[in-house]
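Next up, data_23.txt (compact mmCIF, C-alpha atoms):
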# COMPACT_ATOMS: atom_id res chain seq x y z
CA MET A 41 11.15 17.84 -5.55
CA LYS A 42 7.58 16.62 -5.55
CA PHE A 43 6.89 14.00 -2.88
CA SER A 44 3.88 11.87 -2.13
CA ILE A 45 3.51 9.98 1.10
CA GLN A 46 1.74 6.78 2.01
CA ILE A 47 1.11 5.87 5.65
CA ASN A 48 0.32 2.23 6.33
CA ALA A 49 0.80 1.69 10.03
CA SER A 50 -1.46 2.08 13.02
CA PRO A 51 -0.56 5.22 15.02
CA TYR A 52 -0.95 3.49 18.38
CA GLN A 53 1.37 0.60 17.64
CA TYR A 54 4.02 2.14 15.41
CA GLN A 55 5.94 5.35 14.99
CA ALA A 56 5.58 5.34 11.20
CA SER A 57 2.92 8.05 11.03
CA ASP A 58 5.05 10.24 13.32
CA SER A 59 8.05 9.83 11.04
CA ALA A 60 5.84 10.61 8.06
CA TRP A 61 4.56 13.76 9.72
CA GLN A 62 8.14 14.87 10.54
CA PHE A 63 9.16 14.14 6.96
CA VAL A 64 6.29 16.13 5.47
CA ARG A 65 7.02 19.08 7.74
CA ALA A 66 10.72 19.02 6.89
CA ALA A 67 10.00 18.70 3.17
CA VAL A 68 7.59 21.65 3.19
CA ASP A 69 9.94 23.75 5.34
CA ASN A 70 12.70 23.12 2.83
CA GLY A 71 10.70 24.27 -0.15
CA HIS A 72 9.64 20.90 -1.52
CA GLU A 73 6.15 20.11 -2.62
CA VAL A 74 4.15 17.39 -0.89
CA PHE A 75 1.57 16.39 -3.46
CA ARG A 76 -0.51 14.21 -1.16
CA VAL A 77 -0.49 12.16 2.03
CA PHE A 78 -2.45 8.94 1.55
CA PHE A 79 -3.60 7.02 4.62
CA TYR A 80 -3.85 3.30 3.90
CA HIS A 81 -4.20 0.04 5.85
CA ASP A 82 -4.28 0.84 9.60
CA GLY A 83 -2.88 4.27 8.77
CA VAL A 84 -6.50 5.40 8.38
CA TYR A 85 -6.72 5.49 12.18
CA CYS A 86 -4.60 8.66 12.03
CA ALA A 87 -7.71 10.43 10.77
CA ALA A 88 -10.25 9.07 13.24
CA ASN A 89 -12.28 12.00 14.54
CA ASP A 90 -13.13 10.62 17.95
CA VAL A 91 -9.73 9.52 19.21
CA SER A 92 -9.17 10.87 22.72
CA PRO A 93 -5.62 10.16 23.77
CA PRO A 94 -4.48 11.34 27.22
CA SER A 95 -3.52 15.00 27.14
CA ASP A 96 0.18 14.33 27.72
CA GLU A 97 0.39 12.22 24.54
CA ARG A 98 0.79 13.38 20.98
CA GLN A 99 -2.44 14.69 19.42
CA LEU A 100 -2.33 13.11 15.98
CA VAL A 101 -5.40 14.56 14.33
CA LYS A 102 -4.65 18.08 15.54
CA ARG A 103 -1.06 17.76 14.35
CA TRP A 104 -2.04 16.69 10.83
CA LEU A 105 -4.75 19.33 10.59
CA LYS A 106 -2.32 22.05 11.65
CA LEU A 107 -0.01 20.95 8.86
CA HIS A 108 -2.97 20.89 6.46
CA LYS A 109 -4.00 24.43 7.43
CA GLU A 110 -0.50 25.86 7.29
CA SER A 111 0.77 24.11 4.17
CA ASP A 112 -2.40 23.03 2.37
CA VAL A 113 -1.14 19.45 2.21
CA ASP A 114 -3.78 17.15 0.70
CA LEU A 115 -4.73 14.51 3.30
CA VAL A 116 -6.58 11.55 1.80
CA VAL A 117 -8.02 8.60 3.68
CA CYS A 118 -8.58 5.42 1.68
CA VAL A 119 -12.30 4.71 1.51
CA SER A 120 -12.04 0.92 1.40
CA SER A 121 -9.48 0.75 4.22
CA ALA A 122 -11.72 2.99 6.33
CA GLN A 123 -14.81 0.96 5.52
CA ARG A 124 -13.07 -2.28 6.47
CA ARG A 125 -12.21 -0.78 9.83
CA GLY A 126 -15.62 0.68 10.58
CA LEU A 127 -14.49 4.29 10.29
CA LEU A 128 -17.23 5.26 7.87
CA GLU A 129 -20.95 5.38 8.43
CA THR A 130 -22.44 1.96 7.99
CA SER A 131 -25.14 2.37 5.39
CA VAL A 132 -24.17 3.00 1.80
CA ALA A 133 -27.10 5.40 1.47
CA LYS A 134 -25.65 7.51 4.22
CA LYS A 135 -22.23 7.16 2.65
CA THR A 136 -23.23 8.97 -0.50
CA GLY A 137 -24.68 11.81 1.56
CA GLY A 138 -22.56 12.88 4.50
CA TYR A 139 -20.46 9.94 5.52
CA GLU A 140 -17.41 11.59 6.89
CA ASP A 141 -18.43 12.08 10.51
CA ALA A 142 -15.97 9.46 11.71
CA ILE A 143 -13.14 11.11 9.79
CA ALA A 144 -11.91 14.49 11.02
CA ASP A 145 -12.58 17.58 8.87
CA GLY A 146 -9.53 18.42 6.81
CA PHE A 147 -9.05 14.84 5.69
CA ARG A 148 -10.88 13.74 2.59
CA VAL A 149 -12.09 10.26 1.84
CA ALA A 150 -11.30 8.83 -1.58
CA GLY A 151 -10.28 5.71 -3.45
CA LEU A 152 -7.02 4.11 -4.46
CA GLY A 153 -7.12 6.02 -7.74
CA LEU A 154 -5.79 9.00 -5.82
CA LEU A 155 -2.91 6.88 -4.51
CA MET A 156 -2.01 5.89 -8.03
CA GLU A 157 -2.30 9.49 -9.19
CA SER A 158 0.22 10.39 -6.45
CA VAL A 159 2.59 7.71 -7.69
CA ILE A 160 2.33 8.97 -11.26
CA GLU A 161 2.56 12.68 -10.46
CA SER A 162 5.36 12.63 -7.89
CA ASP A 163 9.11 12.35 -8.21
CA ARG A 164 9.20 10.18 -5.11
CA HIS A 165 6.47 8.14 -3.45
CA ILE A 166 7.52 7.27 0.08
CA THR A 167 5.82 4.64 2.21
CA PHE A 168 5.93 4.78 6.01
CA GLY A 169 5.10 1.57 7.87
CA ALA A 170 5.03 -1.87 6.32
CA MET B 222 2.95 9.05 -18.25
CA LYS B 223 3.74 5.37 -17.72
CA LYS B 224 5.91 4.46 -14.77
CA ASN B 225 7.61 1.25 -13.76
CA VAL B 226 5.77 0.25 -10.62
CA SER B 227 7.14 -2.78 -8.82
CA PHE B 228 5.44 -4.93 -6.22
CA VAL B 229 7.66 -6.97 -3.95
CA PHE B 230 6.35 -10.14 -2.34
CA ASP B 231 8.95 -10.99 0.29
CA LYS B 232 6.55 -12.35 2.91
CA PRO B 233 3.97 -15.12 2.74
CA LEU B 234 0.42 -14.05 1.92
CA HIS B 235 -0.91 -15.54 5.11
CA GLY B 236 0.00 -14.95 8.72
CA ARG B 237 -0.51 -11.25 8.09
CA VAL B 238 -3.60 -10.00 6.30
CA LEU B 239 -1.85 -6.97 4.81
CA ALA B 240 -1.56 -8.62 1.40
CA GLN B 241 -5.30 -8.23 0.89
CA GLU B 242 -5.11 -4.47 0.57
CA PHE B 243 -1.74 -4.76 -1.17
CA PHE B 244 -3.42 -6.56 -4.07
CA ASP B 245 -5.86 -3.66 -4.38
CA VAL B 246 -2.95 -1.28 -5.00
CA LEU B 247 -1.46 -3.69 -7.52
CA LEU B 248 -4.72 -3.91 -9.47
CA MET B 249 -5.13 -0.15 -9.34
CA ALA B 250 -1.66 0.31 -10.85
CA ALA B 251 -2.64 -2.09 -13.62
CA ALA B 252 -5.95 -0.27 -14.12
CA PHE B 253 -3.98 2.98 -14.50
CA ASP B 254 -2.01 1.27 -17.27
CA GLN B 255 1.34 1.49 -15.51
CA LYS B 256 4.18 -0.92 -16.24
CA VAL B 257 3.56 -3.30 -13.36
CA SER B 258 6.10 -5.93 -12.26
CA LEU B 259 5.88 -8.47 -9.46
CA TYR B 260 8.94 -9.79 -7.66
CA PHE B 261 8.70 -12.89 -5.46
CA MET B 262 11.56 -13.50 -3.05
CA ALA B 263 12.34 -14.80 0.45
CA ASP B 264 9.21 -16.29 2.07
CA GLY B 265 7.15 -14.48 -0.58
CA VAL B 266 7.83 -17.41 -2.91
CA PHE B 267 5.37 -19.45 -0.82
CA SER B 268 2.63 -17.21 -2.29
CA LEU B 269 2.88 -19.13 -5.53
CA LEU B 270 2.60 -22.69 -4.27
CA LYS B 271 -0.20 -24.81 -5.72
CA ASN B 272 -3.00 -26.36 -3.67
CA GLN B 273 -3.33 -23.65 -1.06
CA VAL B 274 -6.60 -23.86 0.87
CA PRO B 275 -6.78 -20.73 3.04
CA GLU B 276 -10.58 -21.09 2.98
CA MET B 277 -10.06 -23.64 5.76
CA LEU B 278 -9.06 -20.71 7.95
CA ASP B 279 -11.80 -18.47 6.53
CA MET B 280 -9.13 -16.46 4.70
CA LYS B 281 -9.35 -15.34 1.08
CA ASN B 282 -7.57 -17.41 -1.55
CA ASN B 283 -5.35 -15.18 -3.67
CA SER B 284 -4.19 -17.85 -6.11
CA PRO B 285 -7.02 -17.16 -8.62
CA LEU B 286 -6.08 -13.49 -8.66
CA LEU B 287 -2.40 -14.24 -9.24
CA GLU B 288 -3.35 -16.62 -12.04
CA ALA B 289 -5.61 -13.99 -13.62
CA LEU B 290 -3.06 -11.16 -13.69
CA ALA B 291 -2.43 -11.70 -17.40
CA ILE B 292 -6.00 -10.46 -18.02
CA TYR B 293 -4.88 -7.14 -16.54
CA ASP B 294 -1.85 -7.15 -18.85
CA VAL B 295 0.40 -7.81 -15.89
CA ASP B 296 2.89 -10.32 -17.19
CA ASN B 297 6.20 -9.20 -15.74
CA LEU B 298 6.43 -11.73 -12.94
CA TYR B 299 9.76 -12.77 -11.50
CA ILE B 300 10.84 -15.21 -8.83
CA GLU B 301 14.24 -15.41 -7.19
CA LYS B 302 16.14 -18.64 -7.73
CA GLU B 303 18.06 -18.56 -4.45
CA SER B 304 14.83 -18.18 -2.47
CA MET B 305 13.31 -21.16 -4.28
CA ASP B 306 16.42 -23.27 -3.70
CA ASP B 307 16.62 -22.37 -0.01
CA ARG B 308 13.04 -23.57 0.45
CA GLY B 309 13.25 -26.60 -1.80
CA ILE B 310 10.66 -25.23 -4.21
CA GLN B 311 10.59 -26.45 -7.81
CA ASN B 312 9.02 -24.75 -10.82
CA GLU B 313 6.34 -27.40 -11.20
CA GLN B 314 5.04 -26.67 -7.68
CA LEU B 315 4.09 -23.14 -8.70
CA ILE B 316 0.67 -21.97 -9.93
CA LEU B 317 2.27 -19.84 -12.64
CA ALA B 318 5.05 -20.10 -15.16
CA LEU B 319 7.16 -17.09 -14.31
CA GLU B 320 10.68 -15.99 -15.01
CA VAL B 321 13.26 -17.37 -12.58
CA LEU B 322 16.05 -14.88 -11.90
CA SER B 323 19.18 -14.99 -9.81
CA GLN B 324 19.33 -12.54 -6.95
CA SER B 325 21.68 -10.24 -8.82
CA ALA B 326 19.62 -10.38 -12.03
CA MET B 327 16.53 -9.53 -9.99
CA ASN B 328 18.27 -6.61 -8.33
CA ASN B 329 19.28 -5.27 -11.74
CA LYS B 330 15.73 -5.57 -13.04
CA MET B 331 14.24 -3.90 -9.97
CA ALA B 332 16.69 -1.04 -10.25
CA ILE B 333 14.72 0.42 -13.16
CA SER B 334 11.60 0.78 -11.00
CA ASP B 335 10.22 4.27 -10.51
CA HIS B 336 8.31 3.13 -7.45
CA VAL B 337 8.46 0.01 -5.32
CA PHE B 338 5.63 -1.24 -3.14
CA SER B 339 5.86 -3.95 -0.51
CA PHE B 340 3.63 -5.08 2.32

Whole structure given in structure tokens:
Amino acid sequence: MKFSIQINASPYQYQASDSAWQFVRAAVDNGHEVFRVFFYHDGVYCAANDVSPPSDERQLVKRWLKLHKESDVDLVVCVSSAQRRGLLETSVAKKTGGYEDAIADGFRVAGLGLLMESVIESDRHITFGA
Amino acid sequence: MKKNVSFVFDKPLHGRVLAQEFFDVLLMAAAFDQKVSLYFMADGVFSLLKNQVPEMLDMKNNSPLLEALAIYDVDNLYIEKESMDDRGIQNEQLILALEVLSQSAMNNKMAISDHVFSF
């Protein structure tokens, strides 16, 4: 089955992104295709490059990037959600050049069109976090 | 391929700001020419009340957008009768004329959705 995933919740208040990550891993391990993981609302914080949680806590960015490297899962951060939350470079001029410093490599930044493409292309679109 | 994409409003638009980005998804689904339906139930029915002035709280007013959905060819809008009755809301208090459905009729309609979004 072809799944797409949407993550809405902040990773430091909710467990939704953890559940999503477990789901994606289980789906891939069981031979399913994960078309895309789309980070929306406060879910965009999952992709913040400069998060430095204490070493005995889960390392979100590393965990997603490992999954990306191993399974080539497409990780997309919503551009407007990220802009609202100050995760992208401030000036639009800079944005068109190299604006992804605040977002970790391995995640790409794109618009809601890619969310809708996921919905259309996938058998199931599953949302984690209200 | 056209899909039935449903948007459930079961919470008020204010109190949480999540609806703002929820509307963006809704409009994107319409822009992608999907079969978009909106379902208002529980406290979500408050979204449709006339004379809302969220500008007083420096929040965005979503009523104009809801009223303009027909421009985007979004005209499958449904509201649950039981939720209106529980809250003492009458048709004429609403900003839109939309189809009033019983809870069971609404469930049947929603069952044909390919994807359901809520906020």

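Nearest residue to His72 (chain A), choosing from A:Ser121, A:Ser111, A:Thr167, A:Ser158 and counting all atoms listed in the file: A:Ser111.
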
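What chain A places within 10 Å of chain B, counting all atoms listed in the file, is Asn48, Tyr80, His81, Asp82, Ser120, Ser121, Gly151, Leu152, Gly153, Leu154, Leu155, Met156, Glu157, Val159, Ile160, Glu161, Ser162, Asp163, Arg164, His165, Ile166, Thr167, Gly169 and Ala170 of chain A.
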
Rank nothing, just name the residue among B:Ala332, B:Leu319, B:Leu234, B:Met305 nearest to Pro275 (chain B), using all atoms listed in the file.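 Of B:Ala332, B:Leu319, B:Leu234, B:Met305, the one nearest Pro275 (chain B) is B:Leu234, counting all atoms listed in the file.
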
Enclose the full set of atoms of region 88-96 of chain A listed in the file within a box whose edges lie along x, y and z, apply 8 Å of padding to each of the six sides, and report centre and edge lengths in Å to one decimal as lines of an AutoDock Vina configuration file.
center_x = -6.5
center_y = 12.0
center_z = 20.5
size_x = 29.3
size_y = 21.9
size_z = 30.5

Which residues, written as a short mmCIF file (atom, residue, chain, number, x, y, z; two decimals) with C-alpha atoms, in the coordinates of the input, have at least one atom at most 10 Å from region 307-318 of chain B, with all atoms listed in the file counted and residues fewer than 2 positions away on the same chain left out?
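So selection_33.cif came out as:
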data_model
loop_
_atom_site.label_atom_id
_atom_site.label_comp_id
_atom_site.auth_asym_id
_atom_site.auth_seq_id
_atom_site.Cartn_x
_atom_site.Cartn_y
_atom_site.Cartn_z
CA ALA B 263 12.34 -14.80 0.45
CA ASP B 264 9.21 -16.29 2.07
CA VAL B 266 7.83 -17.41 -2.91
CA PHE B 267 5.37 -19.45 -0.82
CA SER B 268 2.63 -17.21 -2.29
CA LEU B 269 2.88 -19.13 -5.53
CA LEU B 270 2.60 -22.69 -4.27
CA LYS B 271 -0.20 -24.81 -5.72
CA ASN B 272 -3.00 -26.36 -3.67
CA GLN B 273 -3.33 -23.65 -1.06
CA SER B 284 -4.19 -17.85 -6.11
CA PRO B 285 -7.02 -17.16 -8.62
CA LEU B 287 -2.40 -14.24 -9.24
CA GLU B 288 -3.35 -16.62 -12.04
CA ALA B 289 -5.61 -13.99 -13.62
CA LEU B 298 6.43 -11.73 -12.94
CA TYR B 299 9.76 -12.77 -11.50
CA ILE B 300 10.84 -15.21 -8.83
CA LYS B 302 16.14 -18.64 -7.73
CA GLU B 303 18.06 -18.56 -4.45
CA SER B 304 14.83 -18.18 -2.47
CA MET B 305 13.31 -21.16 -4.28
CA GLU B 320 10.68 -15.99 -15.01
CA VAL B 321 13.26 -17.37 -12.58
#

Could you pull out every residue with an atom within 12 Å of (-11.2, 19.2, 5.3), file coordinates, counting all atoms listed in the file, and send them as a ChimeraX atom specification? /A:87,89,101,104-109,112-117,140-141,143-149

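Between Ala122 (chain A) and the candidates A:Ser95, A:Phe78, A:Val84, A:Ser57, the tightest atom-to-atom separation, counting all atoms listed in the file, involves A:Val84.
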
Point out the residue among B:Gly236, B:Ser227, B:Ile333, B:Met327 with the least atom-to-atom distance to Leu278 (chain B), counting only C-alpha atoms.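 Nearest to Leu278 (chain B): B:Gly236.
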
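Between Asp231 (chain B) and the candidates B:Asn282, B:Phe244, B:Glu301, B:Asp294, the tightest atom-to-atom separation, counting all atoms listed in the file, involves B:Glu301.
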
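Counting from CA of Gly265 (chain B), the distance to CA of Asn283 (chain B) is 12.9 Å.
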
Please compute the CA of Asp69 (chain A)-CA of Phe43 (chain A) distance, one decimal, in Å.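 Here the two named atoms are 13.1 Å from each other.
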
Calculate how many Å separate CA of Gln53 (chain A) from CA of Gln99 (chain A), rounding to one decimal.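 Interatomic distance, CA of Gln53 (chain A) to CA of Gln99 (chain A): 14.7 Å.
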
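Distances from A:Ala67, A:Cys86, A:Leu100, A:Val91 to Lys42 (chain A) were compared using all atoms listed in the file, and the smallest one belongs to A:Ala67.
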